[in-house]
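> Have a peek at data29.txt (compact mmCIF, C-alpha atoms and all ligand atoms).
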# COMPACT_ATOMS: atom_id res chain seq x y z
CA MET A 292 25.81 -55.29 70.24
CA SER A 293 24.20 -51.91 69.87
CA ASP A 294 21.23 -51.37 67.57
CA GLN A 295 23.58 -49.55 65.23
CA SER A 296 25.37 -52.81 64.45
CA PHE A 297 22.37 -53.87 62.45
CA GLN A 298 22.53 -50.94 60.10
CA THR A 299 23.78 -51.96 56.70
CA LEU A 300 26.00 -49.82 54.51
CA GLY A 301 23.20 -49.62 51.95
CA GLU A 302 20.79 -48.23 54.53
CA PHE A 303 23.43 -45.85 55.86
CA ILE A 304 24.19 -44.42 52.42
CA ILE A 305 20.52 -43.70 51.79
CA GLU A 306 20.00 -42.22 55.25
CA LYS A 307 22.97 -39.88 54.79
CA GLN A 308 21.86 -38.75 51.35
CA ASP A 309 19.78 -36.04 53.02
CA ASP A 310 22.98 -34.49 54.45
CA PHE A 311 23.54 -33.05 51.01
CA GLN A 312 21.42 -30.18 49.97
CA TYR A 313 19.73 -30.66 46.60
CA SER A 314 20.95 -34.27 46.58
CA THR A 315 19.90 -36.17 43.49
CA GLY A 316 21.06 -39.53 44.80
CA GLU A 317 23.95 -39.62 42.35
CA LEU A 318 26.60 -39.79 45.07
CA SER A 319 24.62 -42.54 46.80
CA ARG A 320 24.59 -44.55 43.59
CA LEU A 321 28.29 -43.95 43.15
CA LEU A 322 29.06 -45.16 46.70
CA SER A 323 26.83 -48.17 46.13
CA SER A 324 28.82 -49.04 43.01
CA ILE A 325 32.05 -48.88 45.00
CA ARG A 326 30.44 -51.09 47.65
CA LEU A 327 29.49 -53.66 45.01
CA ALA A 328 32.89 -53.62 43.29
CA SER A 329 34.65 -54.02 46.63
CA LYS A 330 32.70 -57.23 47.26
CA VAL A 331 33.78 -58.62 43.92
CA VAL A 332 37.41 -57.66 44.57
CA ASN A 333 37.11 -59.16 48.05
CA ARG A 334 36.03 -62.45 46.51
CA GLU A 335 39.02 -62.40 44.15
CA VAL A 336 41.50 -61.45 46.88
CA ASN A 337 40.21 -64.25 49.05
CA LYS A 338 40.59 -66.87 46.41
CA ALA A 339 44.01 -65.57 45.36
CA GLY A 340 45.72 -68.27 47.39
CA ILE A 341 43.96 -71.09 45.62
CA ALA A 342 43.27 -69.74 42.18
CA ASP A 343 45.86 -69.22 39.55
CA ILE A 344 45.60 -65.47 39.69
CA THR A 345 48.59 -64.52 41.79
CA GLY A 346 51.97 -63.59 40.42
CA HIS A 347 53.05 -61.00 37.96
CA ALA A 348 51.03 -60.15 34.91
CA GLY A 349 54.21 -59.40 33.02
CA LYS A 350 53.34 -55.74 32.55
CA THR A 351 54.75 -52.65 34.18
CA ASN A 352 52.65 -49.68 35.27
CA ILE A 353 53.50 -46.02 34.71
CA GLN A 354 55.72 -45.88 37.80
CA GLY A 355 57.86 -48.70 36.42
CA GLU A 356 56.67 -51.16 39.03
CA ASP A 357 55.66 -54.73 38.41
CA GLN A 358 51.95 -55.05 38.07
CA GLN A 359 50.36 -58.17 39.42
CA LYS A 360 47.37 -59.96 38.05
CA LEU A 361 45.11 -59.03 40.89
CA ASP A 362 45.93 -55.33 40.42
CA VAL A 363 44.77 -55.59 36.84
CA LEU A 364 41.65 -57.47 37.83
CA ALA A 365 40.74 -55.09 40.66
CA ASN A 366 41.24 -52.17 38.29
CA GLU A 367 38.91 -53.73 35.74
CA ILE A 368 36.29 -54.54 38.36
CA PHE A 369 36.13 -50.99 39.71
CA ILE A 370 36.21 -49.37 36.28
CA GLU A 371 33.47 -51.65 35.04
CA ALA A 372 31.26 -51.14 38.08
CA LEU A 373 31.61 -47.37 37.85
CA SER A 374 31.31 -46.97 34.11
CA GLN A 375 28.52 -49.46 33.44
CA ARG A 376 26.32 -47.99 36.11
CA GLU A 377 26.94 -44.53 34.70
CA VAL A 378 27.62 -42.91 38.02
CA VAL A 379 30.79 -41.04 37.05
CA CYS A 380 31.99 -39.03 34.07
CA GLY A 381 35.65 -39.89 34.53
CA ILE A 382 38.01 -42.22 36.37
CA ALA A 383 41.73 -41.91 37.10
CA SER A 384 43.49 -44.99 38.39
CA GLU A 385 46.97 -45.84 39.58
CA GLU A 386 46.97 -48.57 36.96
CA ASN A 387 46.19 -46.34 33.97
CA ASP A 388 48.55 -43.77 32.52
CA ASP A 389 45.73 -41.40 31.58
CA TYR A 390 42.31 -40.71 32.98
CA ILE A 391 39.37 -42.54 31.47
CA GLU A 392 36.50 -40.59 30.05
CA ILE A 393 33.19 -42.34 30.52
CA ASN A 394 31.79 -42.00 27.11
CA CYS A 395 28.32 -43.49 26.95
CA ASN A 396 25.92 -42.78 24.18
CA ASN A 397 23.18 -41.61 26.49
CA ASN A 398 23.11 -38.89 29.11
CA SER A 399 25.86 -40.22 31.37
CA HIS A 400 28.10 -37.31 30.49
CA MET A 401 25.67 -35.41 32.65
CA SER A 402 27.06 -37.10 35.77
CA LYS A 403 28.96 -34.66 37.89
CA TYR A 404 31.49 -36.85 39.69
CA VAL A 405 34.98 -38.08 38.94
CA VAL A 406 36.69 -40.87 40.87
CA LEU A 407 40.39 -41.32 41.51
CA ILE A 408 41.34 -44.76 42.68
CA ASP A 409 44.13 -47.07 43.72
CA PRO A 410 42.28 -50.33 43.05
CA LEU A 411 44.68 -52.59 44.92
CA ASP A 412 47.20 -50.87 47.11
CA GLY A 413 50.03 -52.81 48.70
CA SER A 414 49.72 -55.44 46.01
CA SER A 415 53.26 -56.71 46.57
CA ASN A 416 51.71 -58.29 49.67
CA ILE A 417 49.19 -60.46 47.84
CA ASP A 418 51.47 -63.40 47.24
CA VAL A 419 52.24 -63.66 50.94
CA ASN A 420 48.70 -63.44 52.26
CA VAL A 421 49.11 -60.00 53.80
CA THR A 422 46.37 -57.36 53.91
CA VAL A 423 45.83 -55.18 50.85
CA GLY A 424 43.39 -52.35 50.21
CA THR A 425 41.51 -50.13 47.80
CA ILE A 426 41.65 -46.35 48.15
CA PHE A 427 39.22 -43.95 46.47
CA SER A 428 38.61 -40.24 46.20
CA ILE A 429 35.56 -38.50 44.74
CA TYR A 430 35.30 -34.97 43.34
CA ARG A 431 32.63 -32.93 41.67
CA ARG A 432 33.82 -32.07 38.16
CA VAL A 433 34.80 -28.44 37.60
CA THR A 434 34.01 -28.46 33.88
CA GLU A 435 30.54 -28.32 32.49
CA PRO A 436 28.43 -31.50 32.76
CA GLY A 437 27.45 -32.90 29.41
CA LYS A 438 30.93 -32.34 27.96
CA PRO A 439 33.95 -34.67 28.08
CA VAL A 440 35.96 -34.48 31.28
CA GLU A 441 39.27 -32.66 31.27
CA MET A 442 42.50 -33.02 33.22
CA ARG A 443 41.50 -30.14 35.49
CA ASP A 444 38.55 -32.18 36.75
CA PHE A 445 41.10 -34.56 38.29
CA LEU A 446 43.78 -32.08 39.35
CA GLN A 447 41.81 -30.60 42.21
CA LYS A 448 43.07 -29.86 45.68
CA GLY A 449 42.23 -32.43 48.35
CA THR A 450 40.07 -29.87 50.14
CA ALA A 451 37.59 -30.17 47.25
CA GLN A 452 36.94 -33.88 47.84
CA VAL A 453 33.29 -34.78 48.21
CA ALA A 454 33.98 -38.23 49.62
CA ALA A 455 36.90 -40.56 50.18
CA GLY A 456 37.50 -43.94 51.66
CA TYR A 457 39.24 -47.26 51.60
CA VAL A 458 38.49 -50.93 51.67
CA VAL A 459 40.75 -53.11 53.77
CA TYR A 460 40.88 -56.77 52.75
CA GLY A 461 42.17 -58.11 56.05
CA SER A 462 41.20 -60.76 58.55
CA SER A 463 37.82 -59.26 57.90
CA THR A 464 36.94 -56.93 55.05
CA MET A 465 35.96 -53.40 55.92
CA ILE A 466 34.95 -50.28 54.07
CA VAL A 467 35.75 -47.01 55.79
CA TYR A 468 34.62 -43.74 54.26
CA THR A 469 33.74 -40.12 54.77
CA THR A 470 31.54 -37.64 52.97
CA GLY A 471 32.84 -34.81 55.15
CA ASN A 472 30.69 -35.58 58.18
CA GLY A 473 33.02 -37.83 60.14
CA VAL A 474 34.32 -41.30 59.34
CA ASN A 475 32.37 -44.54 59.56
CA GLY A 476 33.53 -48.13 59.18
CA PHE A 477 31.52 -51.11 57.95
CA THR A 478 32.48 -54.75 58.26
CA LEU A 479 31.52 -57.30 55.62
CA ASP A 480 29.61 -60.36 56.74
CA PRO A 481 30.94 -62.67 54.03
CA SER A 482 28.26 -65.29 54.59
CA ILE A 483 25.55 -62.98 53.29
CA GLY A 484 27.66 -60.40 51.46
CA THR A 485 26.46 -57.42 53.49
CA TYR A 486 28.45 -54.63 55.10
CA TYR A 487 27.27 -53.63 58.58
CA LEU A 488 28.10 -50.46 60.46
CA SER A 489 30.69 -51.70 62.95
CA HIS A 490 32.81 -48.60 63.65
CA PRO A 491 30.60 -45.49 63.83
CA ASN A 492 32.28 -42.10 64.07
CA LEU A 493 35.90 -43.27 64.02
CA LYS A 494 38.41 -40.94 65.67
CA PHE A 495 42.21 -41.04 65.85
CA PRO A 496 43.34 -40.98 69.46
CA THR A 497 45.10 -37.58 69.74
CA LYS A 498 48.23 -39.27 70.99
CA GLY A 499 49.43 -42.71 70.05
CA LYS A 500 52.33 -45.04 70.61
CA ILE A 501 52.86 -46.55 67.17
CA TYR A 502 55.13 -45.26 64.44
CA SER A 503 54.98 -46.86 61.00
CA ILE A 504 57.81 -46.21 58.57
CA ASN A 505 60.09 -48.35 56.44
CA GLU A 506 63.17 -48.01 58.63
CA GLY A 507 65.25 -49.98 56.15
CA ASN A 508 65.52 -46.70 54.25
CA TYR A 509 66.79 -44.83 57.33
CA ILE A 510 70.08 -43.76 55.76
CA LYS A 511 68.18 -42.11 52.90
CA PHE A 512 65.72 -40.16 55.07
CA PRO A 513 65.84 -36.39 55.60
CA GLN A 514 67.47 -35.35 58.88
CA GLY A 515 64.13 -34.31 60.41
CA VAL A 516 62.72 -37.81 59.94
CA LYS A 517 65.87 -39.42 61.35
CA ASP A 518 65.60 -37.15 64.41
CA TYR A 519 61.91 -37.97 64.84
CA ILE A 520 62.61 -41.73 64.70
CA LYS A 521 65.27 -41.33 67.40
CA TYR A 522 62.74 -39.35 69.47
CA CYS A 523 60.22 -42.22 69.10
CA GLN A 524 62.85 -44.67 70.34
CA LEU A 525 63.98 -42.62 73.33
CA GLU A 526 63.15 -43.90 76.80
CA GLU A 527 61.38 -40.82 78.12
CA ASP A 528 57.81 -39.93 79.14
CA ASP A 529 55.51 -42.37 77.32
CA ARG A 530 58.26 -43.53 74.98
CA PRO A 531 59.78 -45.62 73.43
CA TYR A 532 56.97 -46.06 70.93
CA THR A 533 56.28 -49.29 69.11
CA SER A 534 57.31 -49.72 65.50
CA ARG A 535 54.73 -51.41 63.27
CA TYR A 536 55.03 -51.49 59.49
CA ILE A 537 53.05 -53.80 57.27
CA GLY A 538 54.02 -52.09 54.02
CA SER A 539 50.37 -51.81 53.04
CA LEU A 540 49.23 -48.21 53.50
CA VAL A 541 45.58 -49.07 54.11
CA ALA A 542 46.41 -51.67 56.75
CA ASP A 543 49.00 -49.53 58.53
CA PHE A 544 46.69 -46.52 58.45
CA HIS A 545 43.67 -48.49 59.66
CA ARG A 546 45.54 -49.92 62.63
CA ASN A 547 46.93 -46.52 63.54
CA MET A 548 43.50 -44.91 63.38
CA LEU A 549 42.08 -47.49 65.77
CA LYS A 550 45.03 -47.59 68.15
CA GLY A 551 46.72 -44.21 67.77
CA GLY A 552 49.86 -43.76 65.72
CA ILE A 553 51.66 -42.09 62.88
CA TYR A 554 52.34 -43.35 59.36
CA ILE A 555 55.27 -41.81 57.50
CA TYR A 556 56.47 -42.28 53.93
CA PRO A 557 58.99 -39.48 53.65
CA SER A 558 61.12 -38.26 50.81
CA THR A 559 64.35 -40.20 50.44
CA SER A 560 67.64 -39.23 48.85
CA GLN A 561 66.66 -41.41 45.88
CA SER A 562 63.00 -40.34 45.69
CA PRO A 563 62.80 -36.69 46.75
CA LYS A 564 59.01 -36.77 46.42
CA GLY A 565 58.57 -39.99 48.37
CA LYS A 566 56.67 -42.93 46.96
CA LEU A 567 52.99 -42.41 47.56
CA ARG A 568 50.74 -40.63 45.08
CA LEU A 569 48.97 -37.45 46.03
CA LEU A 570 45.70 -37.89 44.17
CA TYR A 571 44.58 -41.43 44.89
CA GLU A 572 46.58 -42.37 47.97
CA CYS A 573 47.47 -39.34 50.09
CA ASN A 574 44.51 -37.01 49.49
CA PRO A 575 41.82 -39.56 50.33
CA MET A 576 43.78 -40.75 53.36
CA ALA A 577 44.35 -37.13 54.42
CA PHE A 578 40.62 -36.36 54.13
CA LEU A 579 39.82 -39.40 56.28
CA THR A 580 42.57 -38.44 58.73
CA GLU A 581 41.21 -34.94 59.25
CA GLN A 582 37.63 -36.16 59.44
CA ALA A 583 38.79 -38.55 62.16
CA GLY A 584 40.42 -35.70 64.10
CA GLY A 585 43.97 -36.48 62.97
CA LYS A 586 46.49 -34.56 60.91
CA ALA A 587 48.03 -35.20 57.48
CA SER A 588 51.01 -33.35 56.11
CA ASP A 589 53.98 -33.62 53.77
CA GLY A 590 56.21 -32.79 56.72
CA TYR A 591 55.70 -29.05 56.31
CA ARG A 592 52.23 -28.31 54.98
CA ARG A 593 48.73 -29.71 54.93
CA ILE A 594 48.34 -32.41 52.26
CA LEU A 595 44.81 -31.29 51.35
CA GLU A 596 46.05 -27.85 50.31
CA ILE A 597 48.68 -29.01 47.85
CA GLU A 598 47.91 -27.86 44.31
CA PRO A 599 48.21 -30.94 42.07
CA THR A 600 50.10 -30.62 38.82
CA GLU A 601 49.97 -34.16 37.46
CA LEU A 602 47.86 -37.28 37.77
CA HIS A 603 50.52 -39.59 39.20
CA GLN A 604 52.26 -36.98 41.32
CA ARG A 605 54.08 -38.26 44.41
CA VAL A 606 54.33 -36.57 47.76
CA PRO A 607 55.92 -37.29 51.14
CA PHE A 608 53.22 -38.37 53.57
CA PHE A 609 52.84 -38.02 57.35
CA ALA A 610 49.43 -38.96 58.72
CA GLY A 611 47.92 -39.98 62.00
CA SER A 612 47.29 -38.82 65.54
CA ALA A 613 47.43 -35.03 65.56
CA ALA A 614 49.98 -34.63 68.36
CA MET A 615 52.35 -37.11 66.72
CA VAL A 616 52.22 -35.46 63.30
CA THR A 617 52.74 -32.05 64.87
CA LYS A 618 55.80 -33.41 66.69
CA ALA A 619 57.23 -34.89 63.49
CA GLU A 620 56.68 -31.54 61.73
CA GLU A 621 58.59 -29.80 64.52
CA PHE A 622 61.57 -32.06 63.89
CA MET A 623 61.32 -31.40 60.13
CA ALA A 624 61.29 -27.64 60.67
CA LYS A 625 64.16 -27.77 63.16
CA ALA A 626 66.32 -29.76 60.75
CA VAL A 627 65.69 -27.23 57.97
CA GLN A 628 66.60 -24.36 60.30
CA ALA A 629 69.80 -26.14 61.34
CA GLU A 630 70.76 -26.67 57.68
CA GLU A 631 70.17 -23.00 56.90
CA LYS A 632 72.54 -21.87 59.64
P1 LIG B 701 51.71 -49.64 45.63
O1 LIG B 701 50.66 -48.61 45.26
O2 LIG B 701 52.63 -49.96 44.50
O3 LIG B 701 51.12 -50.86 46.25
O4 LIG B 701 52.69 -48.93 46.70
C1 LIG B 701 52.14 -48.33 47.83
C2 LIG B 701 52.57 -49.08 49.03
C3 LIG B 701 51.87 -48.67 50.29
O5 LIG B 701 50.72 -49.43 50.51
C4 LIG B 701 52.90 -48.97 51.32
O6 LIG B 701 52.68 -48.24 52.49
C5 LIG B 701 54.17 -48.61 50.64
O7 LIG B 701 53.93 -48.79 49.26
C6 LIG B 701 55.30 -49.52 51.02
O8 LIG B 701 56.45 -49.14 50.35
P2 LIG B 701 57.88 -49.69 50.79
O9 LIG B 701 57.91 -51.13 50.42
O10 LIG B 701 58.84 -48.85 50.01
O11 LIG B 701 58.02 -49.46 52.27
MG MG B 702 49.18 -47.79 45.71
Show me this structure written as structure tokens.


Amino acid sequence: MSDQSFQTLGEFIIEKQDDFQYSTGELSRLLSSIRLASKVVNREVNKAGIADITGHAGKTNIQGEDQQKLDVLANEIFIEALSQREVVCGIASEENDDYIEINCNNNSHMSKYVVLIDPLDGSSNIDVNVTVGTIFSIYRRVTEPGKPVEMRDFLQKGTAQVAAGYVVYGSSTMIVYTTGNGVNGFTLDPSIGTYYLSHPNLKFPTKGKIYSINEGNYIKFPQGVKDYIKYCQLEEDDRPYTSRYIGSLVADFHRNMLKGGIYIYPSTSQSPKGKLRLLYECNPMAFLTEQAGGKASDGYRRILEIEPTELHQRVPFFAGSAAMVTKAEEFMAKAVQAEEK
């Protein structure tokens, strides 16, 4: 074990605070709140098998999908941790139709950050003991501190993110995040409830051998994606690649970042914008991807440069090892050209 292994996330956050000019410690407090909430969610996820908290809550979220009890709970835990500690002025969550204004009767409106969050992604996997995750994205508000937040504070391009990360509740629980100076991963020691730096300076291998896509939807995919899948399966050079799809974005992404690979959730004939949401799924993952030397695109353009128009906007998503995403984009462009002829 290197000395670094003994650095805790708490120590790391404080040490990195100085990377920000004129830092007031607000972002550090915000990250610490996420750290705390993730431990509470981790506890709930881990007891999901034995406690009576699995199954559907009987409600439907804005996308018309079944919401499960643990989604609701995780949402509450994060919102509570962030609002009670007065580290943000607004929160947008996958589980809430509208953004939440943090309206405290003291000076908390002065806080300059907003958080966008998917509190429990891949939640259809909870009942079957498969890895789920939390994804978060942090922006500086564009409106004046001291006043209520507005929609435009949330509808910012991914390039404006101050920090982003995810928690993966897997065989071990990890938090992986970036503040724009590379990506670092911390593993939770559940016996003492402390995250330790376990994966410093994470980088996507430039080339990989894993492609992750729900191939059951093959018939509905755009031609470029179909062609890319066939390319991955071809026996040539270092191919065929291996197909690995958990159906939990955080888990699929995390594996691909460590081993080298591409994750794709493309548009389909039924869902022309794909399934994943730009603001609290794709943008944070794209920021992490780029900070880890990878590439994230909608098949044609950089995710981080897409101008958001609505809170729950969906977007096709290609992310992973740079060479693989570039290759997939080539197939997308070729298919468009062929159609135009
Ligand atoms: P969710 O936010 O409702 O959990 O949906 C997002 C999840 C991703 O984690 C995963 O990659 C994808 O949906 C799987 O979708 P599908 O079952 O269509 O392949
Ligand atoms: Mg989700």

> Hey, which residues come within 6 Å of ligand MG 702 (chain B) if we count only C-alpha atoms and all ligand atoms? Could you give them as a list in words?

Asp409, Asp412 and Gly413 of chain A

> Given a cut-off of 7 Å, what residues near ligand LIG 701 (chain B) show up using all atoms listed in the file, put as a PyMOL selection string?

chain A and resi 356+409+411-415+505+538-541+566-567

> Suppose you want the space between atom CA of A:Ala587 and atom CA of A:Val378; what is it in Å?

29.2 Å

> What's the 8 Å shell around A:Asn547, counting all atoms listed in the file, without same-chain residues fewer than 2 positions away, as a list in words?

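Once the nearby chain positions are removed, what remains is Phe495, Gly499, Ile501, Asp543, Phe544, His545, Leu549, Lys550, Gly551, Gly552, Ile553, Tyr554, Gly611 and Ser612 of chain A.
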
> Just the residues within 10 Å of A:Arg326, please, counting all atoms listed in the file, with nothing from its chain fewer than 2 positions along; format it as a ChimeraX atom specification.

/A:300-301,320-324,328-331,369,372,458,466,485-486

> Could you name the residues that touch A:Phe477 at 12 Å or less, counting all atoms listed in the file, but leaving out those on the same chain fewer than 6 positions away, as number ranges by chain?

A: 295-304, 326, 456-459, 463-469, 484-493

> Up to 9 Å from (60.7, -31.7, 65.6) in the file's coordinates: name the residues, counting only C-alpha atoms, as a PyMOL selection string.

chain A and resi 515-516+518-519+522+617-626

> With stretch 433-446 of chain A as the partner and 7 Å as the cut-off, tabulate the residues of stretch 392-427 of chain A that qualify, each row holding the nearest pair of atoms and their distance in Å to one decimal, using all atoms listed in the file, sorted by chain and rising number, as CSV.


residue,atom,partner,partner_atom,distance
A:Glu392,CA,A:Val440,CA,6.3
A:His400,CA,A:Gly437,CA,4.6
A:Met401,CA,A:Gly437,CA,4.5
A:Ser402,CA,A:Pro436,CA,6.5
A:Lys403,CA,A:Pro436,CA,6.0

> Please identify all polymer residues within 10 Å of A:Gln447, counting all atoms listed in the file, omitting same-chain residues fewer than 2 positions from it, and present them as a PDB file with C-alpha atoms, keeping the file's coordinate frame.


ATOM      1  CA  TYR A 430      35.300 -34.970  43.340  1.00  0.00           C
ATOM      2  CA  ARG A 431      32.630 -32.930  41.670  1.00  0.00           C
ATOM      3  CA  ARG A 432      33.820 -32.070  38.160  1.00  0.00           C
ATOM      4  CA  VAL A 433      34.800 -28.440  37.600  1.00  0.00           C
ATOM      5  CA  MET A 442      42.500 -33.020  33.220  1.00  0.00           C
ATOM      6  CA  ARG A 443      41.500 -30.140  35.490  1.00  0.00           C
ATOM      7  CA  ASP A 444      38.550 -32.180  36.750  1.00  0.00           C
ATOM      8  CA  PHE A 445      41.100 -34.560  38.290  1.00  0.00           C
ATOM      9  CA  GLY A 449      42.230 -32.430  48.350  1.00  0.00           C
ATOM     10  CA  THR A 450      40.070 -29.870  50.140  1.00  0.00           C
ATOM     11  CA  ALA A 451      37.590 -30.170  47.250  1.00  0.00           C
ATOM     12  CA  GLN A 452      36.940 -33.880  47.840  1.00  0.00           C
ATOM     13  CA  LEU A 570      45.700 -37.890  44.170  1.00  0.00           C
ATOM     14  CA  LEU A 595      44.810 -31.290  51.350  1.00  0.00           C
ATOM     15  CA  GLU A 596      46.050 -27.850  50.310  1.00  0.00           C
ATOM     16  CA  ILE A 597      48.680 -29.010  47.850  1.00  0.00           C
ATOM     17  CA  GLU A 598      47.910 -27.860  44.310  1.00  0.00           C
ATOM     18  CA  PRO A 599      48.210 -30.940  42.070  1.00  0.00           C
ATOM     19  CA  THR A 600      50.100 -30.620  38.820  1.00  0.00           C
TER      20      THR A 600
END

> Determine, counting only C-alpha atoms, which protein, DNA and RNA residues have an atom within 7 Å of an atom of A:Leu407; residues of the same chain fewer than 3 positions away are not included. Present the result as an MDAnalysis selection string.

chainID A and resid 382:384 427:429 570:571

> Would you export the selected residues with C-alpha atoms as an mmCIF file, keeping the file's coordinate frame, please?


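Saved result, result-v7.cif, follows:
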data_model
loop_
_atom_site.group_PDB
_atom_site.id
_atom_site.type_symbol
_atom_site.label_atom_id
_atom_site.label_comp_id
_atom_site.auth_asym_id
_atom_site.auth_seq_id
_atom_site.Cartn_x
_atom_site.Cartn_y
_atom_site.Cartn_z
ATOM 1 C CA ILE A 382 38.010 -42.220 36.370
ATOM 2 C CA ALA A 383 41.730 -41.910 37.100
ATOM 3 C CA SER A 384 43.490 -44.990 38.390
ATOM 4 C CA PHE A 427 39.220 -43.950 46.470
ATOM 5 C CA SER A 428 38.610 -40.240 46.200
ATOM 6 C CA ILE A 429 35.560 -38.500 44.740
ATOM 7 C CA LEU A 570 45.700 -37.890 44.170
ATOM 8 C CA TYR A 571 44.580 -41.430 44.890
#

> From the options A:Glu377, A:Ile483, A:Val453, A:Gln561, which residue's atoms come nearest to A:Asn574, counting all atoms listed in the file?

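Closest to A:Asn574 of all the choices is A:Val453.
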
> Of the candidates A:Ile408, A:Ala613, A:Ile520, A:Val627, which one gets nearest to A:Leu569 if we count only C-alpha atoms?

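For A:Leu569, the nearest of the candidates is A:Ile408.
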
> When distances are computed from only C-alpha atoms, which of A:Gly461, A:Pro563, A:Gly340, A:Gly381 shows the smallest separation from A:Leu479?

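Counting only C-alpha atoms, the residue closest to A:Leu479 is A:Gly461.
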
> Kindly indicate which residue among A:Lys586, A:Lys632, A:Lys511, A:Arg605 lies nearest to A:Pro496, using only C-alpha atoms for the distances.

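Looking only at the distances to A:Pro496, the closest residue turns out to be A:Lys586.
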
> Take atom CA of A:Ile426 and atom CA of A:Gly584 and report the distance between them in Å, one decimal.

19.2 Å

> Taking all atoms listed in the file into account, name the residue in A:Lys338, A:Lys494, A:Lys360, A:Arg535 that is nearest to A:Asn420.

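Among the listed residues, the smallest separation from A:Asn420 belongs to A:Lys338.
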
> Need the neighbours of (42.7, -62.4, 44.5): which residues are at most 12 Å away, counting only C-alpha atoms, as a PyMOL selection string?

chain A and resi 329-346+359-365+368+411+414+416-424+460

> From the options A:Pro557, A:Gln524, A:Ile370, A:Gly507, which residue's atoms come nearest to A:Tyr390, counting only C-alpha atoms?

A:Ile370

> In Å, how far is it from atom CA of A:Val606 to atom CA of A:Arg568?

6.0 Å
